[in-house]
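**Student:** Enclosed is the structure file target01.pdb (PDB, C-alpha atoms).
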ATOM      1  CA  VAL E  19     -37.613  -6.364 -41.387
ATOM      2  CA  LEU E  20     -34.401  -4.862 -42.787
ATOM      3  CA  ARG E  21     -31.786  -5.368 -45.465
ATOM      4  CA  ARG E  22     -28.145  -4.341 -44.892
ATOM      5  CA  SER E  23     -25.630  -2.915 -47.344
ATOM      6  CA  THR E  24     -21.886  -2.661 -46.679
ATOM      7  CA  ASP E  25     -20.990  -1.039 -50.026
ATOM      8  CA  ALA E  26     -23.003   2.205 -49.979
ATOM      9  CA  GLY E  27     -26.115   0.580 -51.402
ATOM     10  CA  VAL E  28     -24.599  -1.127 -54.447
ATOM     11  CA  SER E  29     -25.658  -4.549 -53.141
ATOM     12  CA  TRP E  30     -27.882  -5.696 -50.308
ATOM     13  CA  ASP E  31     -28.087  -8.686 -47.965
ATOM     14  CA  GLY E  32     -31.251 -10.738 -47.734
ATOM     15  CA  ILE E  33     -34.239  -9.699 -45.656
ATOM     16  CA  LYS E  34     -33.721 -10.031 -41.891
ATOM     17  CA  ARG E  35     -36.531  -9.948 -39.336
ATOM     18  CA  VAL E  36     -35.946  -7.374 -36.623
ATOM     19  CA  HIS E  37     -39.101  -7.980 -34.609
ATOM     20  CA  ALA E  38     -41.973 -10.460 -34.726
ATOM     21  CA  GLN E  39     -45.291  -9.735 -33.035
ATOM     22  CA  HIS E  40     -48.172 -12.157 -32.548
ATOM     23  CA  GLU E  41     -51.397 -10.825 -34.004
ATOM     24  CA  PRO E  42     -54.148 -10.063 -31.440
ATOM     25  CA  MET E  43     -57.342 -12.086 -31.780
ATOM     26  CA  SER E  44     -59.305  -8.982 -32.812
ATOM     27  CA  CYS E  45     -57.085  -8.643 -35.882
ATOM     28  CA  LEU E  46     -57.130 -12.349 -36.708
ATOM     29  CA  ALA E  47     -60.919 -12.133 -36.833
ATOM     30  CA  ASN E  48     -60.740  -9.088 -39.095
ATOM     31  CA  LYS E  49     -59.918 -10.700 -42.430
ATOM     32  CA  SER E  50     -59.514  -7.382 -44.210
ATOM     33  CA  GLY E  51     -56.760  -6.325 -41.829
ATOM     34  CA  VAL E  52     -58.158  -2.781 -41.713
ATOM     35  CA  GLY E  53     -56.893  -0.978 -38.622
ATOM     36  CA  CYS E  54     -54.492  -3.803 -37.756
ATOM     37  CA  LEU E  55     -50.963  -2.606 -38.455
ATOM     38  CA  TRP E  56     -49.376  -4.833 -35.828
ATOM     39  CA  SER E  57     -45.787  -3.614 -35.841
ATOM     40  CA  GLY E  58     -44.978  -0.931 -38.380
ATOM     41  CA  ASN E  59     -43.988   2.654 -39.136
ATOM     42  CA  PRO E  60     -40.269   1.986 -38.510
ATOM     43  CA  ALA E  61     -38.322   5.142 -37.608
ATOM     44  CA  PRO E  62     -34.572   4.451 -37.273
ATOM     45  CA  VAL E  63     -32.166   7.028 -35.856
ATOM     46  CA  VAL E  64     -28.392   6.596 -35.670
ATOM     47  CA  ALA E  65     -26.690   7.818 -32.481
ATOM     48  CA  THR E  66     -22.925   8.448 -32.367
ATOM     49  CA  ASP E  67     -21.364   8.912 -28.926
ATOM     50  CA  PRO E  68     -18.204  10.996 -28.170
ATOM     51  CA  SER E  69     -15.988   7.910 -28.614
ATOM     52  CA  GLY E  70     -17.302   7.381 -32.135
ATOM     53  CA  SER E  71     -19.367   4.274 -31.343
ATOM     54  CA  THR E  72     -22.732   4.088 -33.062
ATOM     55  CA  THR E  73     -26.100   2.723 -31.974
ATOM     56  CA  VAL E  74     -29.071   2.330 -34.281
ATOM     57  CA  HIS E  75     -32.320   2.933 -32.403
ATOM     58  CA  LEU E  76     -35.406   1.648 -34.218
ATOM     59  CA  LEU E  77     -38.668   3.127 -32.998
ATOM     60  CA  TYR E  78     -41.898   1.624 -34.301
ATOM     61  CA  SER E  79     -45.580   1.549 -33.473
ATOM     62  CA  TYR E  80     -47.637  -1.414 -32.327
ATOM     63  CA  LEU E  81     -51.350  -1.600 -33.228
ATOM     64  CA  ASN E  82     -51.125   2.104 -34.132
ATOM     65  CA  ASN E  83     -51.360   2.758 -30.405
ATOM     66  CA  ASP E  84     -48.042   2.048 -28.660
ATOM     67  CA  ALA E  85     -44.529   3.403 -29.250
ATOM     68  CA  MET E  86     -41.817   0.726 -29.108
ATOM     69  CA  ILE E  87     -38.018   0.732 -29.450
ATOM     70  CA  THR E  88     -35.284  -1.800 -30.156
ATOM     71  CA  SER E  89     -31.576  -1.005 -30.608
ATOM     72  CA  SER E  90     -28.489  -2.372 -32.323
ATOM     73  CA  THR E  91     -24.800  -1.690 -31.636
ATOM     74  CA  ASP E  92     -23.507  -3.808 -34.535
ATOM     75  CA  SER E  93     -25.066  -2.022 -37.525
ATOM     76  CA  GLY E  94     -28.250  -4.064 -37.497
ATOM     77  CA  VAL E  95     -26.785  -7.565 -37.166
ATOM     78  CA  SER E  96     -28.479  -8.103 -33.795
ATOM     79  CA  TRP E  97     -31.142  -6.233 -31.852
ATOM     80  CA  THR E  98     -32.136  -5.778 -28.214
ATOM     81  CA  ARG E  99     -35.429  -6.887 -26.761
ATOM     82  CA  SER E 100     -38.085  -4.262 -27.526
ATOM     83  CA  ARG E 101     -39.134  -1.731 -24.880
ATOM     84  CA  ASN E 102     -42.478   0.066 -24.667
ATOM     85  CA  LEU E 103     -42.148   3.879 -24.628
ATOM     86  CA  THR E 104     -45.858   4.701 -24.695
ATOM     87  CA  ALA E 105     -46.063   6.021 -21.129
ATOM     88  CA  GLN E 106     -43.143   8.385 -21.840
ATOM     89  CA  VAL E 107     -44.336   9.870 -25.116
ATOM     90  CA  LYS E 108     -48.053   9.444 -25.766
ATOM     91  CA  GLU E 109     -49.839  12.759 -25.299
ATOM     92  CA  VAL E 110     -53.406  12.025 -26.491
ATOM     93  CA  ASP E 111     -55.712   9.020 -26.810
ATOM     94  CA  GLY E 112     -56.081   7.320 -30.152
ATOM     95  CA  TRP E 113     -53.718   6.729 -33.024
ATOM     96  CA  LEU E 114     -49.938   6.792 -32.556
ATOM     97  CA  GLY E 115     -47.688   6.293 -35.552
ATOM     98  CA  THR E 116     -43.909   6.713 -35.388
ATOM     99  CA  GLY E 117     -41.927   7.971 -38.377
ATOM    100  CA  PRO E 118     -42.460   6.793 -41.028
ATOM    101  CA  THR E 119     -39.001   8.079 -42.020
ATOM    102  CA  ALA E 120     -35.612   8.142 -40.302
ATOM    103  CA  GLY E 121     -34.703  10.497 -37.472
ATOM    104  CA  VAL E 122     -31.554  12.583 -36.938
ATOM    105  CA  GLN E 123     -28.953  13.411 -34.285
ATOM    106  CA  LEU E 124     -28.309  17.073 -33.475
ATOM    107  CA  PRO E 125     -24.711  18.342 -33.049
ATOM    108  CA  GLY E 126     -25.195  18.383 -29.275
ATOM    109  CA  GLY E 127     -26.203  14.715 -29.226
ATOM    110  CA  ARG E 128     -29.996  14.985 -29.015
ATOM    111  CA  LEU E 129     -31.857  12.320 -30.999
ATOM    112  CA  VAL E 130     -34.985  13.437 -32.850
ATOM    113  CA  THR E 131     -37.520  11.405 -34.779
ATOM    114  CA  THR E 132     -41.087  12.047 -35.882
ATOM    115  CA  VAL E 133     -44.524  10.911 -34.740
ATOM    116  CA  ALA E 134     -48.209  11.537 -35.502
ATOM    117  CA  GLU E 135     -50.889  11.176 -32.840
ATOM    118  CA  GLY E 136     -54.571  11.709 -32.247
ATOM    119  CA  PRO E 137     -57.736  11.459 -34.377
ATOM    120  CA  GLY E 138     -56.874  10.661 -37.976
ATOM    121  CA  ALA E 139     -53.154  10.753 -37.093
ATOM    122  CA  ASN E 140     -53.317  14.508 -37.702
ATOM    123  CA  GLY E 141     -51.167  15.629 -34.790
ATOM    124  CA  ALA E 142     -47.599  15.618 -36.098
ATOM    125  CA  GLY E 143     -44.660  16.263 -33.791
ATOM    126  CA  THR E 144     -41.364  14.792 -32.646
ATOM    127  CA  LEU E 145     -39.958  12.386 -30.086
ATOM    128  CA  TYR E 146     -36.543  13.275 -28.698
ATOM    129  CA  SER E 147     -33.918  11.794 -26.357
ATOM    130  CA  ASP E 148     -30.973  13.415 -24.574
ATOM    131  CA  ASN E 149     -29.457  10.202 -23.164
ATOM    132  CA  ASN E 150     -28.738   8.067 -26.235
ATOM    133  CA  GLY E 151     -32.220   6.607 -26.423
ATOM    134  CA  SER E 152     -32.640   5.499 -22.816
ATOM    135  CA  THR E 153     -35.655   7.766 -22.287
ATOM    136  CA  TRP E 154     -37.759   9.848 -24.674
ATOM    137  CA  ARG E 155     -40.046  12.877 -24.553
ATOM    138  CA  ALA E 156     -42.655  14.216 -26.979
ATOM    139  CA  SER E 157     -42.819  17.709 -28.405
ATOM    140  CA  PRO E 158     -46.111  19.635 -28.464
ATOM    141  CA  PRO E 159     -48.075  18.988 -31.676
ATOM    142  CA  LEU E 160     -47.303  21.235 -34.626
ATOM    143  CA  ARG E 161     -49.387  24.392 -35.042
ATOM    144  CA  CYS E 162     -51.194  25.350 -38.264
ATOM    145  CA  THR E 163     -53.254  28.370 -39.239
ATOM    146  CA  PRO E 164     -56.759  27.051 -38.423
ATOM    147  CA  LYS E 165     -59.270  26.401 -41.183
ATOM    148  CA  PRO E 166     -62.955  25.563 -40.548
ATOM    149  CA  GLY E 167     -63.679  21.870 -40.979
ATOM    150  CA  HIS E 168     -60.029  20.804 -40.941
ATOM    151  CA  VAL E 169     -58.894  18.609 -38.036
ATOM    152  CA  GLY E 170     -55.332  18.609 -36.735
ATOM    153  CA  CYS E 171     -52.105  19.865 -38.196
ATOM    154  CA  GLY E 172     -50.004  17.477 -40.218
ATOM    155  CA  SER E 173     -49.434  13.751 -40.590
ATOM    156  CA  GLU E 174     -46.678  11.491 -41.973
ATOM    157  CA  PRO E 175     -43.865  13.885 -40.943
ATOM    158  CA  SER E 176     -40.294  13.760 -42.264
ATOM    159  CA  VAL E 177     -37.394  15.590 -40.581
ATOM    160  CA  THR E 178     -33.933  16.609 -41.794
ATOM    161  CA  LEU E 179     -30.875  18.299 -40.261
ATOM    162  CA  LEU E 180     -29.836  21.613 -41.821
ATOM    163  CA  SER E 181     -26.229  22.799 -42.209
ATOM    164  CA  ASP E 182     -26.528  25.222 -39.269
ATOM    165  CA  GLY E 183     -27.624  22.450 -36.887
ATOM    166  CA  SER E 184     -31.315  23.371 -36.930
ATOM    167  CA  LEU E 185     -34.117  21.161 -38.232
ATOM    168  CA  ALA E 186     -36.767  21.264 -40.940
ATOM    169  CA  MET E 187     -39.867  19.071 -41.069
ATOM    170  CA  VAL E 188     -42.367  18.469 -43.864
ATOM    171  CA  VAL E 189     -45.858  17.152 -43.100
ATOM    172  CA  ASP E 190     -48.921  16.150 -45.082
ATOM    173  CA  ASN E 191     -52.529  17.178 -44.383
ATOM    174  CA  VAL E 192     -51.892  20.852 -43.694
ATOM    175  CA  PRO E 193     -54.873  23.231 -44.143
ATOM    176  CA  ASP E 194     -54.704  24.857 -47.560
ATOM    177  CA  MET E 195     -55.651  28.531 -47.212
ATOM    178  CA  ARG E 196     -56.058  29.130 -50.958
ATOM    179  CA  PRO E 197     -59.499  29.716 -52.564
ATOM    180  CA  ALA E 198     -62.263  27.223 -51.846
ATOM    181  CA  ASP E 199     -62.174  25.668 -55.341
ATOM    182  CA  ASN E 200     -58.754  24.210 -54.532
ATOM    183  CA  ARG E 201     -58.022  21.176 -52.372
ATOM    184  CA  SER E 202     -58.571  21.538 -48.651
ATOM    185  CA  HIS E 203     -55.096  20.454 -47.629
ATOM    186  CA  THR E 204     -51.509  20.312 -48.836
ATOM    187  CA  HIS E 205     -47.979  19.763 -47.495
ATOM    188  CA  GLY E 206     -46.294  22.209 -45.147
ATOM    189  CA  LEU E 207     -42.922  23.089 -43.616
ATOM    190  CA  SER E 208     -41.943  23.757 -40.011
ATOM    191  CA  PHE E 209     -38.554  24.636 -38.493
ATOM    192  CA  SER E 210     -36.915  24.074 -35.097
ATOM    193  CA  GLN E 211     -33.681  24.941 -33.309
ATOM    194  CA  ASP E 212     -33.815  22.049 -30.854
ATOM    195  CA  GLY E 213     -36.326  19.429 -32.083
ATOM    196  CA  ALA E 214     -38.610  20.109 -29.120
ATOM    197  CA  THR E 215     -40.384  23.303 -30.200
ATOM    198  CA  TRP E 216     -41.455  24.049 -33.774
ATOM    199  CA  SER E 217     -42.549  27.055 -35.799
ATOM    200  CA  THR E 218     -46.092  27.413 -37.129
ATOM    201  CA  VAL E 219     -46.423  25.277 -40.253
ATOM    202  CA  GLU E 220     -46.273  27.164 -43.551
ATOM    203  CA  PRO E 221     -48.194  25.497 -46.435
ATOM    204  CA  ILE E 222     -46.187  24.609 -49.546
ATOM    205  CA  THR E 223     -48.081  26.405 -52.305
ATOM    206  CA  ALA E 224     -45.583  26.503 -55.175
ATOM    207  CA  VAL E 225     -46.761  23.177 -56.601
ATOM    208  CA  MET E 226     -49.793  20.961 -56.120
ATOM    209  CA  THR E 227     -49.062  17.862 -54.033
ATOM    210  CA  PRO E 228     -51.204  14.792 -53.299
ATOM    211  CA  ALA E 229     -52.368  13.608 -49.886
ATOM    212  CA  CYS E 230     -49.427  11.265 -49.436
ATOM    213  CA  GLN E 231     -46.226  11.108 -47.404
ATOM    214  CA  GLY E 232     -43.396  13.370 -48.586
ATOM    215  CA  SER E 233     -39.683  13.011 -47.871
ATOM    216  CA  LEU E 234     -37.362  15.884 -46.943
ATOM    217  CA  LEU E 235     -33.565  15.984 -47.258
ATOM    218  CA  ALA E 236     -30.981  18.746 -46.828
ATOM    219  CA  ALA E 237     -28.034  18.143 -49.158
ATOM    220  CA  GLY E 238     -25.600  20.261 -51.142
ATOM    221  CA  GLY E 239     -26.971  23.499 -49.732
ATOM    222  CA  GLN E 240     -30.481  22.669 -50.928
ATOM    223  CA  LEU E 241     -33.648  21.427 -49.252
ATOM    224  CA  LEU E 242     -35.032  18.579 -51.361
ATOM    225  CA  PHE E 243     -38.725  17.653 -51.145
ATOM    226  CA  ILE E 244     -39.688  14.320 -52.746
ATOM    227  CA  VAL E 245     -43.373  13.485 -53.117
ATOM    228  CA  PRO E 246     -45.541  11.407 -55.491
ATOM    229  CA  SER E 247     -46.493  13.334 -58.615
ATOM    230  CA  CYS E 248     -50.051  14.628 -58.820
ATOM    231  CA  PRO E 249     -51.210  12.999 -62.093
ATOM    232  CA  SER E 250     -50.581   9.560 -60.569
ATOM    233  CA  ILE E 251     -53.046  10.290 -57.736
ATOM    234  CA  GLU E 252     -56.712  10.147 -58.782
ATOM    235  CA  HIS E 253     -57.967  12.825 -56.394
ATOM    236  CA  CYS E 254     -55.137  15.249 -57.212
ATOM    237  CA  GLN E 255     -55.635  16.043 -60.886
ATOM    238  CA  PRO E 256     -54.553  19.502 -62.045
ATOM    239  CA  LYS E 257     -57.330  22.114 -62.056
ATOM    240  CA  PRO E 258     -57.524  25.332 -64.076
ATOM    241  CA  GLY E 259     -54.876  27.733 -62.832
ATOM    242  CA  ARG E 260     -52.997  25.035 -60.899
ATOM    243  CA  GLN E 261     -49.614  23.638 -61.874
ATOM    244  CA  CYS E 262     -48.160  20.196 -61.231
ATOM    245  CA  ASP E 263     -44.583  20.745 -62.339
ATOM    246  CA  PRO E 264     -41.995  18.729 -60.409
ATOM    247  CA  LYS E 265     -38.443  20.010 -60.796
ATOM    248  CA  VAL E 266     -37.130  16.472 -61.394
ATOM    249  CA  ARG E 267     -39.209  13.385 -62.187
ATOM    250  CA  LEU E 268     -37.480  10.382 -60.614
ATOM    251  CA  ASP E 269     -39.394   7.692 -62.494
ATOM    252  CA  GLY E 270     -42.833   6.979 -63.919
ATOM    253  CA  LEU E 271     -43.896   4.330 -61.415
ATOM    254  CA  PRO E 272     -46.500   4.827 -58.651
ATOM    255  CA  LEU E 273     -44.665   5.986 -55.523
ATOM    256  CA  ALA E 274     -45.890   5.334 -51.979
ATOM    257  CA  THR E 275     -44.084   5.519 -48.606
ATOM    258  CA  HIS E 276     -40.474   6.464 -49.237
ATOM    259  CA  ARG E 277     -37.262   7.933 -47.830
ATOM    260  CA  SER E 278     -34.457   9.949 -49.403
ATOM    261  CA  VAL E 279     -30.876   9.575 -48.164
ATOM    262  CA  ALA E 280     -27.462  11.151 -48.763
ATOM    263  CA  ALA E 281     -24.481   8.823 -49.112
ATOM    264  CA  ARG E 282     -20.955   9.612 -47.879
ATOM    265  CA  ASP E 283     -19.784  10.348 -51.425
ATOM    266  CA  ALA E 284     -22.403  13.152 -51.653
ATOM    267  CA  SER E 285     -24.634  11.149 -53.984
ATOM    268  CA  LEU E 286     -28.370  10.928 -53.301
ATOM    269  CA  ALA E 287     -30.763   7.992 -53.281
ATOM    270  CA  TYR E 288     -34.327   7.212 -52.376
ATOM    271  CA  ALA E 289     -36.084   3.993 -51.421
ATOM    272  CA  SER E 290     -39.826   3.464 -51.712
ATOM    273  CA  SER E 291     -42.663   1.022 -51.686
ATOM    274  CA  ARG E 292     -44.924   0.964 -54.710
ATOM    275  CA  ALA E 293     -48.553   2.043 -54.500
TER     276      ALA E 293
END
What is this structure when it is put down as structure tokens?
**Tutor:**
Amino acid sequence: VLRRSTDAGVSWDGIKRVHAQHEPMSCLANKSGVGCLWSGNPAPVVATDPSGSTTVHLLYSYLNNDAMITSSTDSGVSWTRSRNLTAQVKEVDGWLGTGPTAGVQLPGGRLVTTVAEGPGANGAGTLYSDNNGSTWRASPPLRCTPKPGHVGCGSEPSVTLLSDGSLAMVVDNVPDMRPADNRSHTHGLSFSQDGATWSTVEPITAVMTPACQGSLLAAGGQLLFIVPSCPSIEHCQPKPGRQCDPKVRLDGLPLATHRSVAARDASLAYASSRA
């Protein structure tokens, strides 16, 4: 579903359904719904062609296994019939989750959005297109410094475009190389010139962060990292010698999946679901 705003987010239209998917019988029989995210993890990316026309491509995952796409050329009023991209982009068996935040367009026109694949969704990377969303390719999974007992390198990735045209990505579930009495994983940063190849992930060690999706945004010459605060997460309480000191506390409510955005007037906003 979506809601549209034509006044920079001051007011919003009612909820509109973008795509409806019939639930498979295996999920209907599973009353708890565990493992049955039918159509989710929306990952929109706005493409602007040389004439100035825009297309909103909405990638999403089906049953946490398939990558799908639908597109709109009228700012989300209407949408095309969904296409299945799985054969183009899926690199490993198991989980596939797009997003769950928005993608970007590089100065040269390439579209880049994020994905996590493999066991435990711990294989973060990107999907990219060089023909305005007609076809897509997958980057190799991100690389982390290995740590015994830790599987994969990153989940729930968020990407942003830097002022020089390069990209930065933040991911959760990165091996934490600090002493053993600390948590086993944290968030990490990776950088790319083209959205297809990425640097080895560097853990974020300045503050303690919970095992939850973080949002990344380049704005005003700064790289902003928004993440739920540690005291609100039961398994991420401060330990002796550890600090949980966010630079700015946005509010005191439990924060779950979220996305930060920059408006045309240089103001900032974030949208979130509540845990």
**Student:** List the residues matched by the PyMOL selection byres ((chain E and resi 134) around 8) in the displayed structure as a VMD selection string, ordered by chain and then by residue number.
**Tutor:** chain E and resid 113 to 117 132 to 133 135 to 136 139 to 143 172 to 175
**Student:** Between CA of His37 in chain E and CA of Thr144 in chain E, what is the distance, to one decimal in Å?
**Tutor:**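 Distance between the two atoms: 23.0 Å.
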**Student:** Calculate how many Å separate CA of Val188 in chain E from CA of Leu20 in chain E, rounding to one decimal.
**Tutor:**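 Separating CA of Val188 in chain E from CA of Leu20 in chain E is a distance of 24.7 Å.
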**Student:** Mind checking which residues fall within 10 Å of Leu241 in chain E, counting only C-alpha atoms, ignoring those fewer than 2 positions away in the same chain, and posting them as a list in words?
**Tutor:**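 That gives Thr178, Leu179, Leu180, Ala186, Leu234, Leu235, Ala236, Ala237, Gly238, Gly239, Phe243 and Ile244 of chain E.
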**Student:** For a cut-off of 9 Å around (-32.8, 4.2, -24.2), file coordinates, pick out all residues using only C-alpha atoms and list them as a list in words.
**Tutor:** His75, Ile87, Thr88, Ser89, Arg101, Ser147, Asn149, Asn150, Gly151, Ser152, Thr153 and Trp154 of chain E
**Student:** Do you know which residues are at most 6 Å from Pro221 in chain E counting all atoms listed in the file, after dropping those on the same chain fewer than 2 positions away, and could you put them as number ranges by chain?
**Tutor:** E: 205-206, 223
**Student:** Just to be explicit: take each residue in the selection above, keep C-alpha atoms, and write the result as a short mmCIF file (atom, residue, chain, number, x, y, z; two decimals), in the frame of the given file.
**Tutor:**
data_model
loop_
_atom_site.label_atom_id
_atom_site.label_comp_id
_atom_site.auth_asym_id
_atom_site.auth_seq_id
_atom_site.Cartn_x
_atom_site.Cartn_y
_atom_site.Cartn_z
CA HIS E 205 -47.98 19.76 -47.50
CA GLY E 206 -46.29 22.21 -45.15
CA THR E 223 -48.08 26.40 -52.30
#
**Student:** Pick out the closest residue to Ser181 in chain E from this set: E:Thr131, E:Gln240, E:Ser217, E:Asn59. Count all atoms listed in the file.
**Tutor:**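 Once distances to Ser181 in chain E are computed over all atoms listed in the file, the minimum belongs to E:Gln240.
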**Student:** Quick one, how far is CA of Pro62 in chain E from CA of Asp148 in chain E?
**Tutor:**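 Pair CA of Pro62 in chain E / CA of Asp148 in chain E returns 16.0 Å.
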